[in-house]
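Below is one structure, written out as structure tokens; the observations come after it.
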Number of protein chains: 2
Amino acid sequence: MKKKVTIHDLARILKKDSSTISRALANNPRVTKKTRDLIQAKAKELGYFRNTLASNLRSQKTRTIGVIVPHISRYFLSTVIAGIEEVAFENDYRVIICQSLDQLEREKQLTDTLLSSQVDGIIMSISMETNQYEHLEKIETQKTPIVFFDRKCEAIPANNILIDDFARAFEATEHLILSGRKRIVHFTGSENVSIYQDRLKGYKEALHKHNITEDPTLIYKSSLKPADGKILARQILELKEIPDAIFSANDLAAISCMQELQESGVKIPHDIAIVGFSNEPLGAYTSPSLSSVNQNPLEMGKIATQTLLHQIENPDVVQETKLLDSSLILRNSSII
Amino acid sequence: MKKKVTIHDLARILKKDSSTISRALANNPRVTKKTRDLIQAKAKELGYFRNTLASNLRSQKTRTIGVIVPHISRYFLSTVIAGIEEVAFENDYRVIICQSLDQLEREKQLTDTLLSSQVDGIIMSISMETNQYEHLEKIETQKTPIVFFDRKCEAIPANNILIDDFARAFEATEHLILSGRKRIVHFTGSENVSIYQDRLKGYKEALHKHNITEDPTLIYKSSLKPADGKILARQILELKEIPDAIFSANDLAAISCMQELQESGVKIPHDIAIVGFSNEPLGAYTSPSLSSVNQNPLEMGKIATQTLLHQIENPDVVQETKLLDSSLILRNSSII
DNA sequence: CATAAAAATACAATCGATTGTATTTTGGTA
DNA sequence: TACCAAAATACAATCGATTGTATTTTTATG
């Protein structure tokens, strides 16, 4: 394999010191413009690329952000990532992206890898399984700045970029109640994850406000994947008293549940009204279209990154929780 | 900021040489098990992390793959990325992900960045604007292995992981013809991109086979975004003779076009039948559901990565083009 | 022309881990 | 106890770029 050109090669060829080459390539004024032009021309001619490894080792900075998300290919997350990448690129940062697949073991391995890689900061949405926090404490010990998004994490001091899950869940549930629904099912996810806790609380609070007795048999916990939606649909159909509404903590479960119910002859929203969460694009195209909550993922990714970069440059900045805009979007699955 | 623990710190504390520390941490048999255990325990206690930068600089390997795609958040691409990440993780490789936004300038910058970062290989789908290739030749000059996927690139020797766009386009068009359609519109993308060329060729070939005269006014070129679909719908409605089918080179344009046509009272598929390309998940949920071509993106990502890793370990391997399985999926937008 | 000041460039240490070679220590045997 | 081989560990160079300090060269001025 042909070896790569280094500043030492250039130094030898041009009979200059490598420090001069280094400064010339960095446009350092300590090198004459004439010499600088000569060096830069030769570097280009020989296809020189600065070795970022060596450079970073010396400068103790990598201008790289590590990102850990449960699943890269979900709409919400891939859009957050697009926002992260956009702001990172603008600020000349690289992004390393990893997926935990909602598994604690993988998440641990990935945090170790990112710390070893000397990333300047980490953006993360914790996995559903995360119920222990040594791996996050390592990040804190290393003083590597970290920003959590979507799923709140209070295990270590950090910025959290969230939406108001409680308020939106309350709003969604109240919307169902105000349109006359009384037996409202709720689909929730892992209790390790703040967003599902908060959505559950919002649901309960709305019932309470409107004097509807909370019925534990109407609360279903699952991992909220499409397959779960189908299973839940069948369970609902077996209830003695069929419910008249569903508030699901995510869209994918809501949509697959809706399809399964329809195949059994249930009319949506006439018999059962449905509201989801996350505003997956396909929710706008289902029949009926799905009411949901828009979480502004692009914005979330951008703000998470801005927050992280600010923290990288100002290590002593105060940690805080930022609540971004979000909104309930009403479509035909919950409006007659 | 608290400094990170290095092997030299451990060496000082344990009164050993840093080389011994290094070997102990790498489980090198030259260090006694007793000493090794002692060192590893101390390393854990002090929260030592191997500095990957230093290690990589020494070993001239980064175990990192660079990925450049037009848009991270598109279903097809984020699924390919999920496949890439999966195989990379299994093989203990990191993945740096970048998006070109289909812009040549960004693509150039990103290839430079990746080369400077000393990635061991690159996986890439070229941008729509890419019509010059110096930046790709740089990759070749550096002897950095590269694999292209989806969009074929013959500017430099490399593996290409593709589907048979020509065959699927031919099949899709023939399907429309066999169901009685004669005036078939085709939506195509940039002529820089092989897939659009091939889909166009497949479309033409099918017309030719069935003795339908090719009509240039029925071929519309755009960037195939949702907004383009709407514009094209309006242009179609203004034609003297309304066409009876559309074969679109992607789904997003097909779907937005379909919606716009429906709002003007066109019945799909009765008046105009539609077939898209890429099998976006939401196509299964539109009304009517959209016929399309499944490109097996997860598989594509996995195979691209396996191919790249193989090439990294066997630099002299022969470059080839791999055609993966793909299939036309018929749904209600093209079946009466 | 001499000399000081300024400009340009060279020297050398450093970042942290790795690895071939050299040295020291240990254990066994005569 | 002396000595050798083997085992364990230390030394030192290296990867490529950066940067404070030292040295050389150039320029300006009396």
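Note on naming: chains are A, B, ... as they come in the structure tokens, residues start from 1 per chain, ligands start from 1 in the order shown.
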
*List the neighbours of stretch 129-134 of chain B out to 7 Å using only C-alpha atoms (C1' of nucleotides); skip same-chain residues closer than 2 positions along the sequence, and give me the result as a PyMOL selection string.*
chain B and resi 102-104+126-127+136-138+155+192

Please, could you write that set of residues out with N, CA and C atoms as a PDB file, in the first residue's frame?
```pdb
ATOM      1  N   ASP B 102     -27.415  16.066  -1.286  1.00  0.00           N
ATOM      2  CA  ASP B 102     -27.397  16.043  -2.751  1.00  0.00           C
ATOM      3  C   ASP B 102     -26.637  17.217  -3.353  1.00  0.00           C
ATOM      4  N   GLN B 103     -25.690  17.780  -2.550  1.00  0.00           N
ATOM      5  CA  GLN B 103     -24.917  18.915  -3.061  1.00  0.00           C
ATOM      6  C   GLN B 103     -23.466  18.508  -3.290  1.00  0.00           C
ATOM      7  N   LEU B 104     -22.956  18.812  -4.474  1.00  0.00           N
ATOM      8  CA  LEU B 104     -21.587  18.450  -4.817  1.00  0.00           C
ATOM      9  C   LEU B 104     -20.578  19.088  -3.868  1.00  0.00           C
ATOM     10  N   ILE B 126     -23.644   8.660  -4.228  1.00  0.00           N
ATOM     11  CA  ILE B 126     -23.246   9.985  -4.707  1.00  0.00           C
ATOM     12  C   ILE B 126     -24.434  10.938  -4.820  1.00  0.00           C
ATOM     13  N   SER B 127     -24.142  12.216  -4.766  1.00  0.00           N
ATOM     14  CA  SER B 127     -25.189  13.241  -4.796  1.00  0.00           C
ATOM     15  C   SER B 127     -25.723  13.424  -6.211  1.00  0.00           C
ATOM     16  N   LEU B 136     -13.417  12.091  -5.784  1.00  0.00           N
ATOM     17  CA  LEU B 136     -13.435  10.636  -5.697  1.00  0.00           C
ATOM     18  C   LEU B 136     -12.073  10.065  -6.086  1.00  0.00           C
ATOM     19  N   GLU B 137     -11.426  10.732  -7.034  1.00  0.00           N
ATOM     20  CA  GLU B 137     -10.094  10.272  -7.422  1.00  0.00           C
ATOM     21  C   GLU B 137      -9.104  10.404  -6.270  1.00  0.00           C
ATOM     22  N   LYS B 138      -9.301  11.421  -5.445  1.00  0.00           N
ATOM     23  CA  LYS B 138      -8.455  11.552  -4.254  1.00  0.00           C
ATOM     24  C   LYS B 138      -8.573  10.307  -3.392  1.00  0.00           C
ATOM     25  N   ALA B 155     -16.748   6.253 -12.011  1.00  0.00           N
ATOM     26  CA  ALA B 155     -15.651   7.205 -12.166  1.00  0.00           C
ATOM     27  C   ALA B 155     -14.343   6.634 -11.639  1.00  0.00           C
ATOM     28  N   ASN B 192     -27.331  12.979 -13.798  1.00  0.00           N
ATOM     29  CA  ASN B 192     -26.033  12.559 -13.260  1.00  0.00           C
ATOM     30  C   ASN B 192     -26.123  11.213 -12.554  1.00  0.00           C
TER      31      ASN B 192
END
```

_Contact set, chain B to chain C: 10 Å, only C-alpha atoms (C1' of nucleotides), as a ChimeraX atom specification_ = /B:6-8,18-19,21-23,50-59

Do you have, as a Markdown table, the list of residues of chain D lying at most 12 Å from chain B, each with its nearest atom pair and that distance in Å to one decimal, counting only C-alpha atoms (C1' of nucleotides) and ordered by chain then number?
```
| residue | atom | partner | partner_atom | distance |
| --- | --- | --- | --- | --- |
| D:DA7 | C1' | B:Arg30 | CA | 8.6 |
| D:DA8 | C1' | B:Val31 | CA | 6.9 |
| D:DT9 | C1' | B:Thr20 | CA | 7.0 |
| D:DA10 | C1' | B:Asp17 | CA | 6.2 |
| D:DC11 | C1' | B:Asp17 | CA | 9.0 |
| D:DA12 | C1' | B:Ser19 | CA | 10.6 |
| D:DA13 | C1' | B:Arg58 | CA | 11.9 |
| D:DT14 | C1' | B:Arg58 | CA | 7.6 |
| D:DC15 | C1' | B:Arg58 | CA | 4.5 |
| D:DG16 | C1' | B:Leu57 | CA | 7.8 |
| D:DA17 | C1' | B:Leu57 | CA | 11.0 |
```

Kindly export the residues of the current selection with N, CA and C atoms (P, O5', C5', C4', C3', O3' and C1' of nucleotides), as an mmCIF file, in the first residue's frame.
```cif
data_model
loop_
_atom_site.group_PDB
_atom_site.id
_atom_site.type_symbol
_atom_site.label_atom_id
_atom_site.label_comp_id
_atom_site.auth_asym_id
_atom_site.auth_seq_id
_atom_site.Cartn_x
_atom_site.Cartn_y
_atom_site.Cartn_z
ATOM 1 P P DA D 7 9.970 -19.689 29.893
ATOM 2 O "O5'" DA D 7 9.494 -18.541 30.875
ATOM 3 C "C5'" DA D 7 9.776 -18.654 32.277
ATOM 4 C "C4'" DA D 7 9.851 -17.272 32.870
ATOM 5 C "C3'" DA D 7 8.730 -16.324 32.432
ATOM 6 O "O3'" DA D 7 8.050 -15.897 33.592
ATOM 7 C "C1'" DA D 7 10.830 -15.242 32.314
ATOM 8 P P DA D 8 6.721 -14.993 33.484
ATOM 9 O "O5'" DA D 8 7.327 -13.555 33.772
ATOM 10 C "C5'" DA D 8 7.982 -13.306 35.028
ATOM 11 C "C4'" DA D 8 8.578 -11.921 34.982
ATOM 12 C "C3'" DA D 8 7.593 -10.815 34.603
ATOM 13 O "O3'" DA D 8 7.515 -9.903 35.703
ATOM 14 C "C1'" DA D 8 9.643 -10.593 33.411
ATOM 15 P P DT D 9 6.488 -8.681 35.677
ATOM 16 O "O5'" DT D 9 7.424 -7.530 35.104
ATOM 17 C "C5'" DT D 9 8.617 -7.206 35.826
ATOM 18 C "C4'" DT D 9 9.500 -6.343 34.965
ATOM 19 C "C3'" DT D 9 8.881 -5.017 34.520
ATOM 20 O "O3'" DT D 9 9.628 -3.972 35.126
ATOM 21 C "C1'" DT D 9 10.169 -6.016 32.812
ATOM 22 P P DA D 10 9.187 -2.434 34.960
ATOM 23 O "O5'" DA D 10 10.417 -1.875 34.115
ATOM 24 C "C5'" DA D 10 11.743 -2.062 34.598
ATOM 25 C "C4'" DA D 10 12.747 -1.558 33.567
ATOM 26 C "C3'" DA D 10 12.495 -0.125 33.090
ATOM 27 O "O3'" DA D 10 13.752 0.550 33.051
ATOM 28 C "C1'" DA D 10 12.507 -1.603 31.230
ATOM 29 P P DC D 11 13.791 2.087 32.643
ATOM 30 O "O5'" DC D 11 14.255 2.009 31.124
ATOM 31 C "C5'" DC D 11 15.442 1.282 30.800
ATOM 32 C "C4'" DC D 11 15.729 1.386 29.310
ATOM 33 C "C3'" DC D 11 15.590 2.797 28.716
ATOM 34 O "O3'" DC D 11 16.752 3.026 27.937
ATOM 35 C "C1'" DC D 11 14.309 1.264 27.459
ATOM 36 P P DA D 12 17.083 4.504 27.383
ATOM 37 O "O5'" DA D 12 16.465 4.442 25.919
ATOM 38 C "C5'" DA D 12 16.771 3.319 25.077
ATOM 39 C "C4'" DA D 12 15.990 3.468 23.776
ATOM 40 C "C3'" DA D 12 15.763 4.913 23.325
ATOM 41 O "O3'" DA D 12 15.920 4.940 21.923
ATOM 42 C "C1'" DA D 12 13.702 3.823 23.469
ATOM 43 P P DA D 13 16.035 6.331 21.142
ATOM 44 O "O5'" DA D 13 15.313 5.977 19.768
ATOM 45 C "C5'" DA D 13 15.444 4.654 19.238
ATOM 46 C "C4'" DA D 13 14.203 4.333 18.433
ATOM 47 C "C3'" DA D 13 13.715 5.478 17.544
ATOM 48 O "O3'" DA D 13 13.404 4.952 16.272
ATOM 49 C "C1'" DA D 13 11.964 4.740 18.940
ATOM 50 P P DT D 14 13.055 5.912 15.069
ATOM 51 O "O5'" DT D 14 11.466 5.796 14.988
ATOM 52 C "C5'" DT D 14 10.858 4.511 14.831
ATOM 53 C "C4'" DT D 14 9.372 4.660 14.992
ATOM 54 C "C3'" DT D 14 8.771 5.870 14.273
ATOM 55 O "O3'" DT D 14 8.035 5.415 13.158
ATOM 56 C "C1'" DT D 14 7.836 5.537 16.442
ATOM 57 P P DC D 15 7.743 6.390 11.941
ATOM 58 O "O5'" DC D 15 6.190 6.658 12.095
ATOM 59 C "C5'" DC D 15 5.242 5.598 12.120
ATOM 60 C "C4'" DC D 15 3.940 6.115 12.675
ATOM 61 C "C3'" DC D 15 3.626 7.537 12.202
ATOM 62 O "O3'" DC D 15 2.784 7.475 11.059
ATOM 63 C "C1'" DC D 15 3.181 7.224 14.553
ATOM 64 P P DG D 16 3.210 8.391 9.770
ATOM 65 O "O5'" DG D 16 2.725 9.839 10.195
ATOM 66 C "C5'" DG D 16 1.337 10.104 10.246
ATOM 67 C "C4'" DG D 16 1.116 11.457 10.865
ATOM 68 C "C3'" DG D 16 1.771 12.613 10.108
ATOM 69 O "O3'" DG D 16 0.741 13.523 9.811
ATOM 70 C "C1'" DG D 16 2.232 12.746 12.440
ATOM 71 P P DA D 17 0.997 14.973 9.198
ATOM 72 O "O5'" DA D 17 0.759 15.857 10.489
ATOM 73 C "C5'" DA D 17 -0.517 15.806 11.114
ATOM 74 C "C4'" DA D 17 -0.516 16.629 12.367
ATOM 75 C "C3'" DA D 17 -0.232 18.125 12.151
ATOM 76 O "O3'" DA D 17 -1.268 18.830 12.790
ATOM 77 C "C1'" DA D 17 1.181 17.224 13.852
#
```

_Quick check for you: according to DSSP on this backbone, which residues of stretch 48-173 of chain A are classed as alpha helix (DSSP H)? Reply as a PyMOL selection string._
chain A and resi 52-59+75-90+104-116+134-141+165-173

Residues as selected, C-alpha atoms, written as a PDB file, in the first residue's frame, can you do that?
```pdb
ATOM      1  CA  THR A  52      -6.527  14.265  11.862  1.00  0.00           C
ATOM      2  CA  LEU A  53      -5.502  11.550  14.298  1.00  0.00           C
ATOM      3  CA  ALA A  54      -2.120  13.088  14.928  1.00  0.00           C
ATOM      4  CA  SER A  55      -3.559  16.558  14.971  1.00  0.00           C
ATOM      5  CA  ASN A  56      -6.272  15.629  17.445  1.00  0.00           C
ATOM      6  CA  LEU A  57      -3.887  13.739  19.669  1.00  0.00           C
ATOM      7  CA  ARG A  58      -1.776  16.832  19.945  1.00  0.00           C
ATOM      8  CA  SER A  59      -4.605  19.285  20.409  1.00  0.00           C
ATOM      9  CA  TYR A  75     -38.682   8.710  11.446  1.00  0.00           C
ATOM     10  CA  PHE A  76     -38.500  10.677  14.679  1.00  0.00           C
ATOM     11  CA  LEU A  77     -34.903   9.703  15.368  1.00  0.00           C
ATOM     12  CA  SER A  78     -33.559   9.919  11.861  1.00  0.00           C
ATOM     13  CA  THR A  79     -35.005  13.415  11.681  1.00  0.00           C
ATOM     14  CA  VAL A  80     -33.408  14.382  14.982  1.00  0.00           C
ATOM     15  CA  ILE A  81     -30.138  13.052  13.562  1.00  0.00           C
ATOM     16  CA  ALA A  82     -30.586  15.126  10.419  1.00  0.00           C
ATOM     17  CA  GLY A  83     -30.880  18.190  12.681  1.00  0.00           C
ATOM     18  CA  ILE A  84     -27.801  17.179  14.658  1.00  0.00           C
ATOM     19  CA  GLU A  85     -25.777  16.607  11.510  1.00  0.00           C
ATOM     20  CA  GLU A  86     -26.829  19.941  10.062  1.00  0.00           C
ATOM     21  CA  VAL A  87     -25.703  22.021  13.030  1.00  0.00           C
ATOM     22  CA  ALA A  88     -22.576  19.926  13.537  1.00  0.00           C
ATOM     23  CA  PHE A  89     -21.552  20.395   9.904  1.00  0.00           C
ATOM     24  CA  GLU A  90     -22.108  24.157  10.101  1.00  0.00           C
ATOM     25  CA  LEU A 104     -28.665  -1.680  27.846  1.00  0.00           C
ATOM     26  CA  GLU A 105     -25.696  -3.913  27.016  1.00  0.00           C
ATOM     27  CA  ARG A 106     -25.154  -2.262  23.667  1.00  0.00           C
ATOM     28  CA  GLU A 107     -25.564   1.152  25.211  1.00  0.00           C
ATOM     29  CA  LYS A 108     -22.802   0.399  27.729  1.00  0.00           C
ATOM     30  CA  GLN A 109     -20.461  -0.795  25.021  1.00  0.00           C
ATOM     31  CA  LEU A 110     -21.180   2.264  22.910  1.00  0.00           C
ATOM     32  CA  THR A 111     -20.509   4.767  25.676  1.00  0.00           C
ATOM     33  CA  ASP A 112     -17.142   3.080  26.307  1.00  0.00           C
ATOM     34  CA  THR A 113     -16.324   3.231  22.628  1.00  0.00           C
ATOM     35  CA  LEU A 114     -17.238   6.889  22.362  1.00  0.00           C
ATOM     36  CA  LEU A 115     -15.213   7.830  25.422  1.00  0.00           C
ATOM     37  CA  SER A 116     -12.205   5.944  24.054  1.00  0.00           C
ATOM     38  CA  GLU A 134     -22.633   3.318  35.901  1.00  0.00           C
ATOM     39  CA  HIS A 135     -21.894   3.785  32.225  1.00  0.00           C
ATOM     40  CA  LEU A 136     -23.364   7.269  32.329  1.00  0.00           C
ATOM     41  CA  GLU A 137     -21.422   8.087  35.469  1.00  0.00           C
ATOM     42  CA  LYS A 138     -18.240   7.217  33.578  1.00  0.00           C
ATOM     43  CA  ILE A 139     -19.140   9.922  31.112  1.00  0.00           C
ATOM     44  CA  GLU A 140     -19.559  12.363  33.942  1.00  0.00           C
ATOM     45  CA  THR A 141     -16.258  11.308  35.539  1.00  0.00           C
ATOM     46  CA  ASP A 165     -44.983  15.026  27.318  1.00  0.00           C
ATOM     47  CA  PHE A 166     -47.271  15.415  30.303  1.00  0.00           C
ATOM     48  CA  ALA A 167     -49.072  18.439  28.887  1.00  0.00           C
ATOM     49  CA  ARG A 168     -49.518  16.930  25.427  1.00  0.00           C
ATOM     50  CA  ALA A 169     -50.769  13.629  26.854  1.00  0.00           C
ATOM     51  CA  PHE A 170     -53.174  15.517  29.070  1.00  0.00           C
ATOM     52  CA  GLU A 171     -54.353  17.513  26.080  1.00  0.00           C
ATOM     53  CA  ALA A 172     -54.771  14.438  23.899  1.00  0.00           C
ATOM     54  CA  THR A 173     -56.759  12.590  26.548  1.00  0.00           C
TER      55      THR A 173
END
```

*Could you please write out, as number ranges by chain, every residue of stretch 79-249 of chain B that DSSP assigns to strand (DSSP E or B)?*
B: 94-99, 121-124, 146-149, 159-163, 184-188, 219-221, 245-248

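Between atom CA of B:Lys322 and atom CA of B:Ile163 the interatomic distance comes to 7.9 Å.
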
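Residues lying within 8 Å of A:Lys182, counting only C-alpha atoms (C1' of nucleotides) and ignoring same-chain neighbours fewer than 3 positions away, are A:Ile177, A:Ile212, A:Pro243, A:Asp244, A:Ala245.
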
*asked:* Would you compute the distance between atom CA of B:Ile161 and atom CA of B:Asp198? Give it in Å to one decimal.
replied: 14.7 Å

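Across the structure, atom CA of B:Ser222 and atom CA of B:Ile329 are spaced 24.0 Å apart.
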
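Shortest separation to chain A among B:Pro226, B:Gly202, B:Gly276, B:Gly47 occurs at residue B:Gly47, atoms counted being only C-alpha atoms.
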